[in-house]
file final18.tsv (TSV, C-alpha atoms)
chain	number	residue	atom	x	y	z
A	1320	MET	CA	-6.84	13.84	-18.47
A	1321	ILE	CA	-3.50	14.04	-20.25
A	1322	HIS	CA	-2.80	10.58	-21.63
A	1323	THR	CA	0.69	9.27	-20.92
A	1324	MET	CA	2.62	6.01	-20.70
A	1325	ARG	CA	5.58	4.96	-18.64
A	1326	TRP	CA	8.83	4.53	-20.53
A	1327	PHE	CA	11.91	2.96	-18.94
A	1328	GLY	CA	14.42	4.63	-21.22
A	1329	PRO	CA	16.46	3.57	-24.26
A	1330	LYS	CA	16.49	-0.12	-23.27
A	1331	ASP	CA	12.70	-0.34	-22.94
A	1332	PRO	CA	11.31	-2.79	-25.53
A	1333	VAL	CA	8.32	-0.43	-25.82
A	1334	SER	CA	9.52	2.45	-27.97
A	1335	LEU	CA	8.64	6.12	-27.90
A	1336	MET	CA	6.95	5.62	-31.26
A	1337	ASP	CA	4.83	2.86	-29.72
A	1338	ILE	CA	3.76	5.29	-27.01
A	1339	ARG	CA	3.00	7.98	-29.56
A	1340	GLN	CA	0.93	5.61	-31.70
A	1341	ALA	CA	-1.02	4.51	-28.62
A	1342	GLY	CA	-2.45	8.05	-28.51
A	1343	CYS	CA	-0.26	9.56	-25.82
A	1344	THR	CA	1.23	13.04	-25.72
A	1345	GLY	CA	3.06	12.60	-22.43
A	1346	VAL	CA	5.89	10.37	-21.29
A	1347	VAL	CA	6.47	9.22	-17.72
A	1348	THR	CA	10.08	8.25	-17.10
A	1349	ALA	CA	13.04	8.47	-14.75
A	1350	LEU	CA	16.83	8.46	-14.84
A	1351	HIS	CA	17.21	4.89	-13.62
A	1352	GLN	CA	20.91	4.94	-14.41
A	1353	ILE	CA	21.65	7.46	-11.64
A	1354	PRO	CA	22.28	5.81	-8.25
A	1355	VAL	CA	19.61	6.53	-5.64
A	1356	GLY	CA	20.57	9.54	-3.55
A	1357	GLU	CA	22.73	11.25	-6.16
A	1358	VAL	CA	21.73	14.56	-7.75
A	1359	TRP	CA	19.99	14.54	-11.12
A	1360	SER	CA	21.98	17.10	-13.07
A	1361	VAL	CA	20.48	19.53	-15.55
A	1362	GLU	CA	22.62	17.91	-18.23
A	1363	ALA	CA	21.26	14.41	-17.55
A	1364	ILE	CA	17.67	15.67	-17.46
A	1365	GLU	CA	18.07	17.61	-20.70
A	1366	GLU	CA	19.64	14.59	-22.39
A	1367	ARG	CA	16.55	12.51	-21.58
A	1368	LYS	CA	14.25	15.33	-22.73
A	1369	ARG	CA	16.07	15.57	-26.07
A	1370	LEU	CA	15.68	11.83	-26.56
A	1371	ILE	CA	11.92	12.00	-25.92
A	1372	GLU	CA	11.40	15.04	-28.14
A	1373	ALA	CA	13.74	14.02	-30.98
A	1374	ASP	CA	10.97	13.26	-33.49
A	1375	ASN	CA	8.53	15.98	-32.44
A	1376	ALA	CA	9.02	18.05	-35.58
A	1377	GLN	CA	7.98	15.12	-37.78
A	1378	PHE	CA	5.37	13.35	-35.68
A	1379	VAL	CA	2.82	14.04	-32.95
A	1380	PRO	CA	4.85	15.73	-30.19
A	1381	LEU	CA	5.80	13.85	-27.04
A	1382	HIS	CA	6.93	15.57	-23.84
A	1383	TRP	CA	8.36	14.37	-20.55
A	1384	LEU	CA	5.51	15.33	-18.22
A	1385	VAL	CA	6.05	13.24	-15.09
A	1386	VAL	CA	9.07	11.87	-13.28
A	1387	GLU	CA	8.39	8.38	-11.97
A	1388	SER	CA	10.19	8.06	-9.77
A	1389	LEU	CA	12.70	10.33	-8.12
A	1390	PRO	CA	13.50	7.62	-5.57
A	1391	VAL	CA	13.88	8.29	-1.85
A	1392	HIS	CA	17.06	6.81	-0.40
A	1393	GLU	CA	16.64	4.05	2.18
A	1394	ASP	CA	18.64	6.10	4.71
A	1395	ILE	CA	15.91	8.74	4.59
A	1396	LYS	CA	13.25	6.10	5.16
A	1397	LYS	CA	15.25	4.74	8.09
A	1398	GLY	CA	15.95	8.20	9.52
A	1399	LEU	CA	19.71	7.68	9.62
A	1400	PRO	CA	22.12	10.56	10.40
A	1401	GLY	CA	23.12	10.97	6.75
A	1402	ARG	CA	19.56	11.67	5.64
A	1403	ASP	CA	19.93	15.46	5.71
A	1404	GLN	CA	22.57	15.46	2.97
A	1405	LEU	CA	20.47	13.05	0.93
A	1406	ILE	CA	17.46	15.34	1.36
A	1407	GLU	CA	19.57	18.28	0.20
A	1408	ASN	CA	20.47	16.28	-2.91
A	1409	TYR	CA	16.78	15.59	-3.44
A	1410	LYS	CA	16.01	19.31	-3.26
A	1411	ILE	CA	18.69	20.08	-5.84
A	1412	SER	CA	17.24	17.44	-8.16
A	1413	LEU	CA	13.81	19.05	-7.81
A	1414	GLN	CA	15.27	22.46	-8.61
A	1415	ASN	CA	17.04	21.05	-11.67
A	1416	LEU	CA	13.87	19.33	-12.90
A	1417	ALA	CA	11.95	22.58	-12.54
A	1418	GLU	CA	14.67	24.43	-14.43
A	1419	CYS	CA	14.16	21.92	-17.26
A	1420	GLY	CA	10.40	22.48	-17.31
A	1421	ILE	CA	9.26	19.29	-15.54
A	1422	HIS	CA	6.71	19.98	-12.81
A	1423	THR	CA	5.30	16.64	-11.60
A	1424	VAL	CA	7.39	14.22	-9.53
A	1425	CYS	CA	6.12	10.86	-8.27
A	1426	TYR	CA	7.87	9.07	-5.40
A	1427	ASN	CA	7.10	6.37	-2.84
A	1428	PHE	CA	8.06	5.58	0.74
A	1429	MET	CA	7.84	1.78	0.69
A	1430	PRO	CA	10.74	0.17	2.57
A	1431	VAL	CA	13.12	-2.08	0.59
A	1432	LEU	CA	10.73	-3.13	-2.23
A	1433	ASP	CA	8.61	-0.90	-4.45
A	1434	TRP	CA	5.99	-3.59	-5.06
A	1435	SER	CA	5.39	-7.29	-4.45
A	1436	ARG	CA	3.86	-10.06	-6.55
A	1437	THR	CA	4.18	-13.85	-6.51
A	1438	ASN	CA	3.39	-14.55	-10.17
A	1439	LEU	CA	4.34	-12.43	-13.17
A	1440	SER	CA	2.57	-14.56	-15.79
A	1441	TYR	CA	-0.76	-15.68	-14.32
A	1442	GLU	CA	-2.84	-17.06	-17.18
A	1443	MET	CA	-6.22	-15.39	-17.61
A	1444	PRO	CA	-9.33	-17.05	-19.12
A	1445	ASP	CA	-8.61	-15.40	-22.49
A	1446	GLY	CA	-5.03	-16.70	-22.58
A	1447	GLY	CA	-3.44	-13.38	-21.67
A	1448	LYS	CA	-1.03	-13.13	-18.76
A	1449	ALA	CA	-1.36	-10.92	-15.69
A	1450	LEU	CA	0.43	-10.13	-12.44
A	1451	ARG	CA	-0.86	-11.94	-9.35
A	1452	PHE	CA	-0.32	-11.96	-5.58
A	1453	VAL	CA	-1.10	-15.11	-3.59
A	1454	TRP	CA	-0.80	-14.80	0.19
A	1455	GLU	CA	0.10	-18.45	0.78
A	1456	ASP	CA	2.84	-18.30	-1.86
A	1457	PHE	CA	4.20	-15.16	-0.25
A	1458	ALA	CA	4.13	-16.91	3.12
A	1459	LEU	CA	5.94	-19.87	1.54
A	1460	PHE	CA	8.72	-17.56	0.42
A	1461	ASP	CA	8.92	-15.73	3.74
A	1462	LEU	CA	8.76	-18.81	6.00
A	1463	TYR	CA	10.56	-21.54	4.07
A	1464	ILE	CA	12.78	-19.89	1.44
A	1465	LEU	CA	13.92	-16.67	3.06
A	1466	LYS	CA	13.35	-18.11	6.57
A	1467	ARG	CA	12.99	-14.64	8.03
A	1468	PRO	CA	13.41	-14.65	11.83
A	1469	GLY	CA	10.07	-14.08	13.53
A	1470	ALA	CA	8.06	-14.53	10.32
A	1471	VAL	CA	5.89	-17.24	11.87
A	1472	LYS	CA	3.91	-14.68	13.90
A	1473	ASP	CA	2.66	-13.02	10.70
A	1474	TYR	CA	0.80	-16.09	9.42
A	1475	THR	CA	-1.98	-18.29	10.76
A	1476	ASN	CA	-1.33	-21.97	11.43
A	1477	GLU	CA	-3.50	-22.84	8.47
A	1478	VAL	CA	-1.45	-20.68	6.12
A	1479	GLN	CA	1.81	-22.09	7.47
A	1480	ILE	CA	0.66	-25.67	6.88
A	1481	LYS	CA	-0.73	-24.99	3.40
A	1482	SER	CA	2.43	-23.13	2.41
A	1483	LEU	CA	4.67	-25.96	3.59
A	1484	ASN	CA	2.57	-28.57	1.80
A	1485	ARG	CA	2.71	-26.54	-1.39
A	1486	MET	CA	6.47	-26.13	-1.17
A	1487	ASN	CA	6.92	-29.88	-0.76
A	1488	GLN	CA	5.12	-30.33	-4.09
A	1489	MET	CA	7.10	-27.70	-5.98
A	1490	SER	CA	10.05	-28.38	-8.26
A	1491	ALA	CA	13.37	-26.63	-7.80
A	1492	GLU	CA	12.58	-24.54	-10.87
A	1493	GLU	CA	9.23	-23.42	-9.43
A	1494	ILE	CA	10.88	-22.47	-6.15
A	1495	ALA	CA	13.53	-20.46	-8.00
A	1496	THR	CA	10.86	-18.68	-10.06
A	1497	LEU	CA	8.88	-17.69	-6.95
A	1498	THR	CA	12.06	-16.52	-5.23
A	1499	ASN	CA	13.12	-14.34	-8.15
A	1500	THR	CA	9.59	-12.93	-8.51
A	1501	VAL	CA	9.36	-11.81	-4.88
A	1502	LEU	CA	12.93	-10.47	-4.89
A	1503	LEU	CA	12.50	-8.49	-8.11
A	1504	GLY	CA	13.73	-5.05	-7.16
A	1505	LEU	CA	12.30	-2.00	-8.85
A	1506	PRO	CA	10.05	-1.36	-11.85
A	1507	GLY	CA	12.31	-1.13	-14.88
A	1508	SER	CA	14.86	-3.46	-13.32
A	1509	GLU	CA	15.52	-7.06	-14.26
A	1510	GLU	CA	17.86	-7.55	-11.32
A	1511	ALA	CA	16.66	-9.40	-8.23
A	1512	PHE	CA	18.22	-9.29	-4.78
A	1513	ASP	CA	19.93	-12.40	-3.45
A	1514	LEU	CA	18.49	-13.89	-0.26
A	1515	HIS	CA	21.39	-12.94	2.01
A	1516	THR	CA	21.46	-9.33	0.84
A	1517	PHE	CA	17.70	-9.11	1.07
A	1518	GLN	CA	17.60	-10.36	4.66
A	1519	GLY	CA	20.24	-7.79	5.53
A	1520	LEU	CA	18.04	-5.02	4.13
A	1521	LEU	CA	15.13	-6.27	6.22
A	1522	ASP	CA	17.31	-6.41	9.33
A	1523	ASN	CA	18.00	-2.69	8.96
A	1524	TYR	CA	14.32	-2.08	9.79
A	1525	LYS	CA	14.26	-4.12	13.02
A	1526	THR	CA	13.79	-1.00	15.15
A	1527	ILE	CA	11.56	0.85	12.69
A	1528	GLY	CA	7.84	0.34	13.13
A	1529	ASP	CA	4.76	2.17	11.91
A	1530	LYS	CA	5.35	5.20	14.14
A	1531	GLU	CA	9.00	5.62	13.17
A	1532	LEU	CA	8.40	5.23	9.44
A	1533	ARG	CA	5.60	7.82	9.55
A	1534	GLU	CA	7.84	10.24	11.42
A	1535	ASN	CA	10.60	9.75	8.85
A	1536	LEU	CA	8.15	10.33	5.98
A	1537	TYR	CA	6.80	13.50	7.56
A	1538	TYR	CA	10.33	14.75	8.27
A	1539	PHE	CA	11.19	14.24	4.60
A	1540	ILE	CA	8.09	15.89	3.19
A	1541	LYS	CA	8.38	18.90	5.49
A	1542	GLN	CA	11.86	19.46	4.07
A	1543	VAL	CA	11.20	18.96	0.38
A	1544	ALA	CA	7.61	20.14	-0.20
A	1545	PRO	CA	8.38	23.84	0.49
A	1546	VAL	CA	11.20	23.66	-2.06
A	1547	ALA	CA	8.81	22.02	-4.53
A	1548	GLN	CA	6.34	24.83	-3.89
A	1549	GLU	CA	9.03	27.44	-4.46
A	1550	VAL	CA	10.09	26.02	-7.84
A	1551	GLY	CA	6.60	25.01	-9.01
A	1552	ILE	CA	6.78	21.23	-8.73
A	1553	ASN	CA	3.92	19.01	-7.59
A	1554	LEU	CA	5.18	16.11	-5.49
A	1555	CYS	CA	2.89	13.08	-5.47
A	1556	ILE	CA	3.37	10.03	-3.31
A	1557	HIS	CA	2.47	6.60	-4.66
A	1558	PRO	CA	0.47	4.31	-2.33
A	1559	ASP	CA	1.88	1.06	-0.99
A	1560	ASP	CA	1.58	-1.95	-3.29
A	1561	PRO	CA	0.08	-4.10	-1.86
A	1562	PRO	CA	-1.38	-1.74	0.76
A	1563	LYS	CA	-0.50	-3.78	3.85
A	1564	PRO	CA	2.59	-4.65	5.95
A	1565	LEU	CA	4.80	-7.36	4.45
A	1566	LEU	CA	7.97	-9.13	5.59
A	1567	GLY	CA	7.80	-7.41	8.96
A	1568	LEU	CA	8.04	-4.01	7.24
A	1569	PRO	CA	5.57	-1.23	8.06
A	1570	ARG	CA	3.48	0.36	5.31
A	1571	VAL	CA	2.17	3.86	5.97
A	1572	VAL	CA	0.52	4.95	2.68
A	1573	SER	CA	-2.23	2.36	2.34
A	1574	THR	CA	-5.50	3.93	3.47
A	1575	GLU	CA	-7.45	7.17	3.27
A	1576	ASN	CA	-6.42	7.97	6.83
A	1577	ASP	CA	-2.75	7.45	5.93
A	1578	LEU	CA	-3.08	9.95	3.09
A	1579	LYS	CA	-5.00	12.39	5.28
A	1580	GLN	CA	-2.26	12.35	7.92
A	1581	LEU	CA	0.41	12.92	5.29
A	1582	MET	CA	-1.46	15.81	3.68
A	1583	GLU	CA	-1.91	17.42	7.11
A	1584	ALA	CA	1.75	16.87	8.07
A	1585	CYS	CA	2.72	19.46	5.45
A	1586	ASN	CA	-0.44	21.27	4.45
A	1587	ILE	CA	0.57	22.76	1.13
A	1588	ARG	CA	-0.83	21.77	-2.25
A	1589	ASN	CA	2.57	20.69	-3.61
A	1590	ASN	CA	2.53	17.86	-1.08
A	1591	GLY	CA	0.22	15.68	-3.13
A	1592	ILE	CA	-0.82	12.22	-4.25
A	1593	THR	CA	-0.30	9.82	-7.12
A	1594	PHE	CA	-3.78	8.30	-7.06
A	1595	CYS	CA	-3.25	4.66	-8.01
A	1596	THR	CA	-6.60	2.92	-8.24
A	1597	GLY	CA	-4.92	-0.48	-8.52
A	1598	SER	CA	-2.93	-0.24	-5.28
A	1599	LEU	CA	-5.63	1.50	-3.25
A	1600	GLY	CA	-8.35	-0.69	-4.77
A	1601	ILE	CA	-6.87	-3.87	-3.32
A	1602	ARG	CA	-8.37	-2.80	0.02
A	1603	GLU	CA	-12.14	-3.06	0.16
A	1604	ASP	CA	-12.27	-0.27	2.77
A	1605	ASN	CA	-10.84	2.35	0.39
A	1606	ASP	CA	-13.69	4.37	-1.18
A	1607	LEU	CA	-11.88	5.43	-4.35
A	1608	ALA	CA	-14.41	7.84	-5.86
A	1609	GLY	CA	-14.98	9.41	-2.45
A	1610	MET	CA	-11.24	9.78	-1.92
A	1611	ILE	CA	-10.90	11.60	-5.25
A	1612	GLU	CA	-13.63	13.98	-4.12
A	1613	ARG	CA	-12.02	14.56	-0.72
A	1614	PHE	CA	-8.38	14.79	-1.87
A	1615	GLY	CA	-9.14	16.25	-5.31
A	1616	ASP	CA	-6.91	19.31	-5.21
A	1617	ARG	CA	-3.94	17.27	-3.96
A	1618	ILE	CA	-4.09	14.65	-6.72
A	1619	HIS	CA	-1.39	15.50	-9.28
A	1620	PHE	CA	-0.98	12.21	-11.14
A	1621	LEU	CA	-3.25	9.25	-11.89
A	1622	HIS	CA	-2.53	5.54	-12.31
A	1623	LEU	CA	-5.67	3.86	-13.60
A	1624	ARG	CA	-5.91	0.09	-13.33
A	1625	THR	CA	-8.03	-2.39	-11.43
A	1626	THR	CA	-7.29	-5.43	-9.35
A	1627	LYS	CA	-9.57	-8.33	-8.52
A	1628	ARG	CA	-9.76	-9.86	-5.07
A	1629	GLU	CA	-10.14	-13.61	-5.32
A	1630	GLU	CA	-12.11	-16.14	-3.25
A	1631	ASN	CA	-9.46	-15.70	-0.58
A	1632	PRO	CA	-9.53	-11.87	-0.40
A	1633	LEU	CA	-5.83	-11.80	0.55
A	1634	ASN	CA	-5.13	-12.92	-3.04
A	1635	PHE	CA	-5.59	-10.66	-6.04
A	1636	HIS	CA	-4.65	-10.35	-9.68
A	1637	GLU	CA	-4.50	-7.51	-12.17
A	1638	ALA	CA	-7.85	-7.41	-13.95
A	1639	ALA	CA	-8.68	-5.79	-17.27
A	1640	HIS	CA	-9.00	-2.02	-16.85
A	1641	LEU	CA	-12.80	-1.81	-16.85
A	1642	VAL	CA	-13.53	-4.87	-14.71
A	1643	GLY	CA	-12.36	-6.04	-11.31
A	1644	ASP	CA	-13.04	-4.40	-7.96
A	1645	VAL	CA	-12.50	-0.79	-9.05
A	1646	ASP	CA	-15.63	0.99	-10.25
A	1647	MET	CA	-13.80	2.78	-13.04
A	1648	TYR	CA	-16.94	4.61	-14.14
A	1649	GLU	CA	-17.30	6.30	-10.74
A	1650	VAL	CA	-13.55	6.93	-10.56
A	1651	ILE	CA	-13.35	8.71	-13.91
A	1652	LYS	CA	-16.59	10.56	-13.21
A	1653	ALA	CA	-15.02	11.92	-9.99
A	1654	ILE	CA	-11.90	12.90	-11.95
A	1655	VAL	CA	-13.98	14.73	-14.55
A	1656	VAL	CA	-15.73	16.68	-11.77
A	1657	GLU	CA	-12.37	17.58	-10.22
A	1658	THR	CA	-10.79	18.71	-13.50
A	1659	ARG	CA	-13.81	20.88	-14.32
A	1660	LYS	CA	-13.60	22.47	-10.89
A	1661	ARG	CA	-9.92	23.26	-11.46
A	1662	LYS	CA	-10.60	24.68	-14.90
A	1663	LYS	CA	-13.35	26.89	-13.51
A	1664	ASP	CA	-10.91	28.14	-10.87
A	1665	ASP	CA	-8.29	28.89	-13.58
A	1666	LYS	CA	-5.79	26.37	-12.20
A	1667	ALA	CA	-2.85	25.98	-14.57
A	1668	ASP	CA	-2.69	22.24	-13.81
A	1669	TRP	CA	-6.38	21.52	-14.32
A	1670	ASP	CA	-5.64	18.67	-16.76
A	1671	ILE	CA	-4.18	15.79	-14.73
A	1672	PRO	CA	-1.60	13.43	-16.26
A	1673	MET	CA	-2.87	9.84	-16.33
A	1674	ARG	CA	-1.27	6.63	-17.40
A	1675	PRO	CA	-2.93	3.25	-17.90
A	1676	ASP	CA	-1.13	1.28	-15.23
A	1677	HIS	CA	-0.11	-2.31	-15.84
A	1678	GLY	CA	-1.54	-4.26	-18.71
A	1679	HIS	CA	-2.04	-7.88	-19.56
A	1680	GLN	CA	0.50	-9.53	-21.80
A	1681	ILE	CA	-1.59	-10.33	-24.88
A	1682	LEU	CA	-1.37	-10.92	-28.65
A	1683	ASP	CA	2.12	-10.48	-30.08
A	1684	ASP	CA	3.53	-9.36	-26.72
A	1685	LEU	CA	3.11	-12.93	-25.46
A	1686	HIS	CA	6.15	-13.74	-27.58
A	1687	LYS	CA	8.28	-10.81	-26.37
A	1688	LYS	CA	10.20	-10.06	-23.23
A	1689	THR	CA	8.73	-6.99	-21.54
A	1690	TYR	CA	8.92	-5.40	-18.10
A	1691	PRO	CA	6.28	-7.05	-15.87
A	1692	GLY	CA	3.00	-5.17	-16.29
A	1693	TYR	CA	4.39	-2.87	-18.97
A	1694	SER	CA	3.80	-4.61	-22.27
A	1695	ALA	CA	2.74	-2.33	-25.12
A	1696	ILE	CA	-0.46	-3.96	-26.34
A	1697	GLY	CA	-2.04	-4.61	-22.94
A	1698	ARG	CA	-1.55	-0.99	-21.94
A	1699	LEU	CA	-2.78	0.18	-25.34
A	1700	LYS	CA	-5.97	-1.82	-24.79
A	1701	GLY	CA	-6.36	-0.34	-21.32
A	1702	LEU	CA	-5.76	3.20	-22.54
A	1703	ALA	CA	-8.29	2.79	-25.36
A	1704	GLU	CA	-10.93	1.60	-22.89
A	1705	LEU	CA	-10.18	4.38	-20.42
A	1706	ARG	CA	-10.23	7.06	-23.14
A	1707	GLY	CA	-13.58	5.83	-24.40
A	1708	LEU	CA	-15.06	5.83	-20.89
A	1709	GLU	CA	-13.65	9.29	-20.25
A	1710	MET	CA	-15.18	10.70	-23.43
A	1711	ALA	CA	-18.56	9.12	-22.68
A	1712	ILE	CA	-18.61	10.62	-19.19
A	1713	GLU	CA	-17.50	14.01	-20.48
A	1714	ARG	CA	-20.29	14.06	-23.03
A	1715	ALA	CA	-22.88	12.81	-20.53
A	1716	GLU	CA	-21.84	15.50	-18.04
A	1717	GLU	CA	-22.42	18.15	-20.70
A	1718	LEU	CA	-26.06	17.05	-20.86
A	1719	VAL	CA	-26.65	17.41	-17.10
call {"tool": "encode", "arguments": {"input": "final18.tsv", "output": "structure tokens"}}
result
Amino acid sequence: MIHTMRWFGPKDPVSLMDIRQAGCTGVVTALHQIPVGEVWSVEAIEERKRLIEADNAQFVPLHWLVVESLPVHEDIKKGLPGRDQLIENYKISLQNLAECGIHTVCYNFMPVLDWSRTNLSYEMPDGGKALRFVWEDFALFDLYILKRPGAVKDYTNEVQIKSLNRMNQMSAEEIATLTNTVLLGLPGSEEAFDLHTFQGLLDNYKTIGDKELRENLYYFIKQVAPVAQEVGINLCIHPDDPPKPLLGLPRVVSTENDLKQLMEACNIRNNGITFCTGSLGIREDNDLAGMIERFGDRIHFLHLRTTKREENPLNFHEAAHLVGDVDMYEVIKAIVVETRKRKKDDKADWDIPMRPDHGHQILDDLHKKTYPGYSAIGRLKGLAELRGLEMAIERAEELV
């Protein structure tokens, strides 16, 4: 695997030198400053590349290997009349990225929010802090803070009662913290939606169910994947996080069958997958190692992390990279098999970019402000563990 880390640009408290010293040669980033739907110009892309490569002559070289993400405009997800122009803009951005030598582009098709958690600083037994999702807290937000119309049908009576009782015991500060956590917009952003704006965004999906969202995704990929193929870019969709419907919104990239349908909707290799073991691993019915074997040639980017389902399996937290519900040994073993197969077949992209996804806030980073899940030391620890496991499996496979 090519070892990379996500970098949110010049304002990221984790520096490019930090990423280099962690042992990475690749950078995963995006032009967050460009409004969603607008074209990424060659000039803007080259400016970011120059920033990443500025110290390459003096230190271990870093290169921008993966775009995460080139976001899909909400009007495309909703299938609105203006989507065709937005898709054309997306195609131009892909062409410009290819012209600049960037050939892997991650995106997602989650409506409104890219991810959802209810606690950004859940204390672990070792004193580190992790991201956590608690179903009853999410219900509390949905039912009694947002007060989404029709939300009651999504929760059992028991959950409704427990959520209300919990809210009655919470302070105003705790309620505000939960609200801001759920409403946190995109990775790399510190801006949260306000409740009124957020409800308006949800209302836009009133007539869009599972069937409609799938159709809109397939319409999009059928338009852009052939262009990606033409210019030599691998598109890779990120799974839903968490992989289940929330807030009355459909989620259509949560299971193996979801991915299978998407791959078949546009059956070219450039229509591929960001294989996120953390998101997919939340569901017990996702066989991760088996999915790598079955989708191997369509996996263009890897997010390696593990989550841990709690006593109530609807709740989970981010576990350390080698523990939790993901069998990371079997996952990396399946990746090693896939990369060797590609190398044997002389595939140019045999070595798959990987980043250690999410990390606990530990050590000195406990005293710093970092993007949730993206502290330097927690990811460094995760990467070190994953690299060691990868090397051990590689060496063991040589003996077979």
call {"tool": "closest_atom_pairs", "arguments": {"input": "final18.tsv", "of": "segment 1438-1497 of chain A", "to": "segment 1631-1644 of chain A", "cutoff": "6 Å", "atoms": "all atoms listed in the file", "output": "JSON lines"}}
result
{"residue": "A:Ala1449", "atom": "CA", "partner": "A:Glu1637", "partner_atom": "CA", "distance": 5.8}
{"residue": "A:Leu1450", "atom": "CA", "partner": "A:Glu1637", "partner_atom": "CA", "distance": 5.6}
{"residue": "A:Arg1451", "atom": "CA", "partner": "A:His1636", "partner_atom": "CA", "distance": 4.1}
{"residue": "A:Phe1452", "atom": "CA", "partner": "A:Phe1635", "partner_atom": "CA", "distance": 5.4}
{"residue": "A:Val1453", "atom": "CA", "partner": "A:Asn1634", "partner_atom": "CA", "distance": 4.6}
{"residue": "A:Trp1454", "atom": "CA", "partner": "A:Asn1634", "partner_atom": "CA", "distance": 5.7}
call {"tool": "closest_residue", "arguments": {"input": "final18.tsv", "among": "A:Asn1576, A:Gln1479, A:Gly1356, A:Cys1419", "to": "Arg1369 of chain A", "atoms": "all atoms listed in the file"}}
result
A:Cys1419
call {"tool": "closest_residue", "arguments": {"input": "final18.tsv", "among": "A:Gln1580, A:Ser1573, A:Thr1625, A:Thr1496", "to": "Asp1604 of chain A", "atoms": "only C-alpha atoms"}}
result
A:Ser1573
call {"tool": "closest_residue", "arguments": {"input": "final18.tsv", "among": "A:Pro1380, A:Ala1458, A:Gly1600, A:Asn1499", "to": "Lys1481 of chain A", "atoms": "only C-alpha atoms"}}
result
A:Ala1458
call {"tool": "closest_atom_pairs", "arguments": {"input": "final18.tsv", "of": "segment 1570-1650 of chain A", "to": "segment 1530-1543 of chain A", "cutoff": "7 Å", "atoms": "only C-alpha atoms", "output": "CSV"}}
result
residue,atom,partner,partner_atom,distance
A:Val1571,CA,A:Arg1533,CA,6.3
A:Leu1581,CA,A:Tyr1537,CA,6.8
A:Ala1584,CA,A:Tyr1537,CA,6.1
A:Cys1585,CA,A:Lys1541,CA,5.7
call {"tool": "atom_distance", "arguments": {"input": "final18.tsv", "atom1": "atom CA of Ile1552 of chain A", "atom2": "atom CA of Glu1575 of chain A"}}
result
23.3 Å
call {"tool": "closest_residue", "arguments": {"input": "final18.tsv", "among": "A:Phe1378, A:Tyr1648, A:Phe1428, A:Phe1620", "to": "Gly1591 of chain A", "atoms": "only C-alpha atoms"}}
result
A:Phe1620
call {"tool": "residues_around", "arguments": {"input": "final18.tsv", "residues": "Pro1390 of chain A", "least_positions_apart": "5", "cutoff": "10 Å", "atoms": "all atoms listed in the file", "output": "tab-separated table (two decimals) with C-alpha atoms, in the coordinates of the input"}}
result
chain	number	residue	atom	x	y	z
A	1349	ALA	CA	13.04	8.47	-14.75
A	1350	LEU	CA	16.83	8.46	-14.84
A	1351	HIS	CA	17.21	4.89	-13.62
A	1354	PRO	CA	22.28	5.81	-8.25
A	1355	VAL	CA	19.61	6.53	-5.64
A	1356	GLY	CA	20.57	9.54	-3.55
A	1357	GLU	CA	22.73	11.25	-6.16
A	1409	TYR	CA	16.78	15.59	-3.44
A	1424	VAL	CA	7.39	14.22	-9.53
A	1425	CYS	CA	6.12	10.86	-8.27
A	1426	TYR	CA	7.87	9.07	-5.40
A	1427	ASN	CA	7.10	6.37	-2.84
A	1428	PHE	CA	8.06	5.58	0.74
A	1433	ASP	CA	8.61	-0.90	-4.45
call {"tool": "atom_distance", "arguments": {"input": "final18.tsv", "atom1": "atom CA of Trp1669 of chain A", "atom2": "atom CA of Leu1384 of chain A"}}
result
14.0 Å
call {"tool": "residues_around", "arguments": {"input": "final18.tsv", "residues": "segment 1437-1441 of chain A", "least_positions_apart": "2", "cutoff": "12 Å", "atoms": "all atoms listed in the file", "output": "ChimeraX atom specification"}}
result
/A:1434-1435,1443-1461,1493-1503,1561,1634-1638,1677-1681,1685,1688-1694
call {"tool": "residues_around", "arguments": {"input": "final18.tsv", "residues": "Leu1462 of chain A", "least_positions_apart": "5", "cutoff": "8 Å", "atoms": "all atoms listed in the file", "output": "PDB file with C-alpha atoms, in the coordinates of the input"}}
result
ATOM      1  CA  ARG A1467      12.990 -14.640   8.030  1.00  0.00           C
ATOM      2  CA  ALA A1470       8.060 -14.530  10.320  1.00  0.00           C
ATOM      3  CA  VAL A1471       5.890 -17.240  11.870  1.00  0.00           C
ATOM      4  CA  GLN A1479       1.810 -22.090   7.470  1.00  0.00           C
TER       5      GLN A1479
END
call {"tool": "atom_distance", "arguments": {"input": "final18.tsv", "atom1": "atom CA of Ile1601 of chain A", "atom2": "atom CA of Cys1555 of chain A"}}
result
19.7 Å
call {"tool": "decode", "arguments": {"input": "final18.tsv", "residues": "segment 1469-1473 of chain A", "atoms": "N, CA and C atoms", "output": "tab-separated table (two decimals), in the first residue's frame"}}
result
chain	number	residue	atom	x	y	z
A	1469	GLY	N	-42.44	13.96	11.68
A	1469	GLY	CA	-42.47	12.54	11.32
A	1469	GLY	C	-41.35	11.72	11.90
A	1470	ALA	N	-40.48	12.33	12.70
A	1470	ALA	CA	-39.32	11.60	13.24
A	1470	ALA	C	-39.75	10.46	14.15
A	1471	VAL	N	-40.89	10.61	14.81
A	1471	VAL	CA	-41.30	9.63	15.82
A	1471	VAL	C	-41.38	8.22	15.26
A	1472	LYS	N	-41.70	8.09	13.98
A	1472	LYS	CA	-41.86	6.74	13.39
A	1472	LYS	C	-40.53	6.01	13.23
A	1473	ASP	N	-39.41	6.72	13.37
A	1473	ASP	CA	-38.10	6.10	13.18
A	1473	ASP	C	-37.52	5.53	14.47
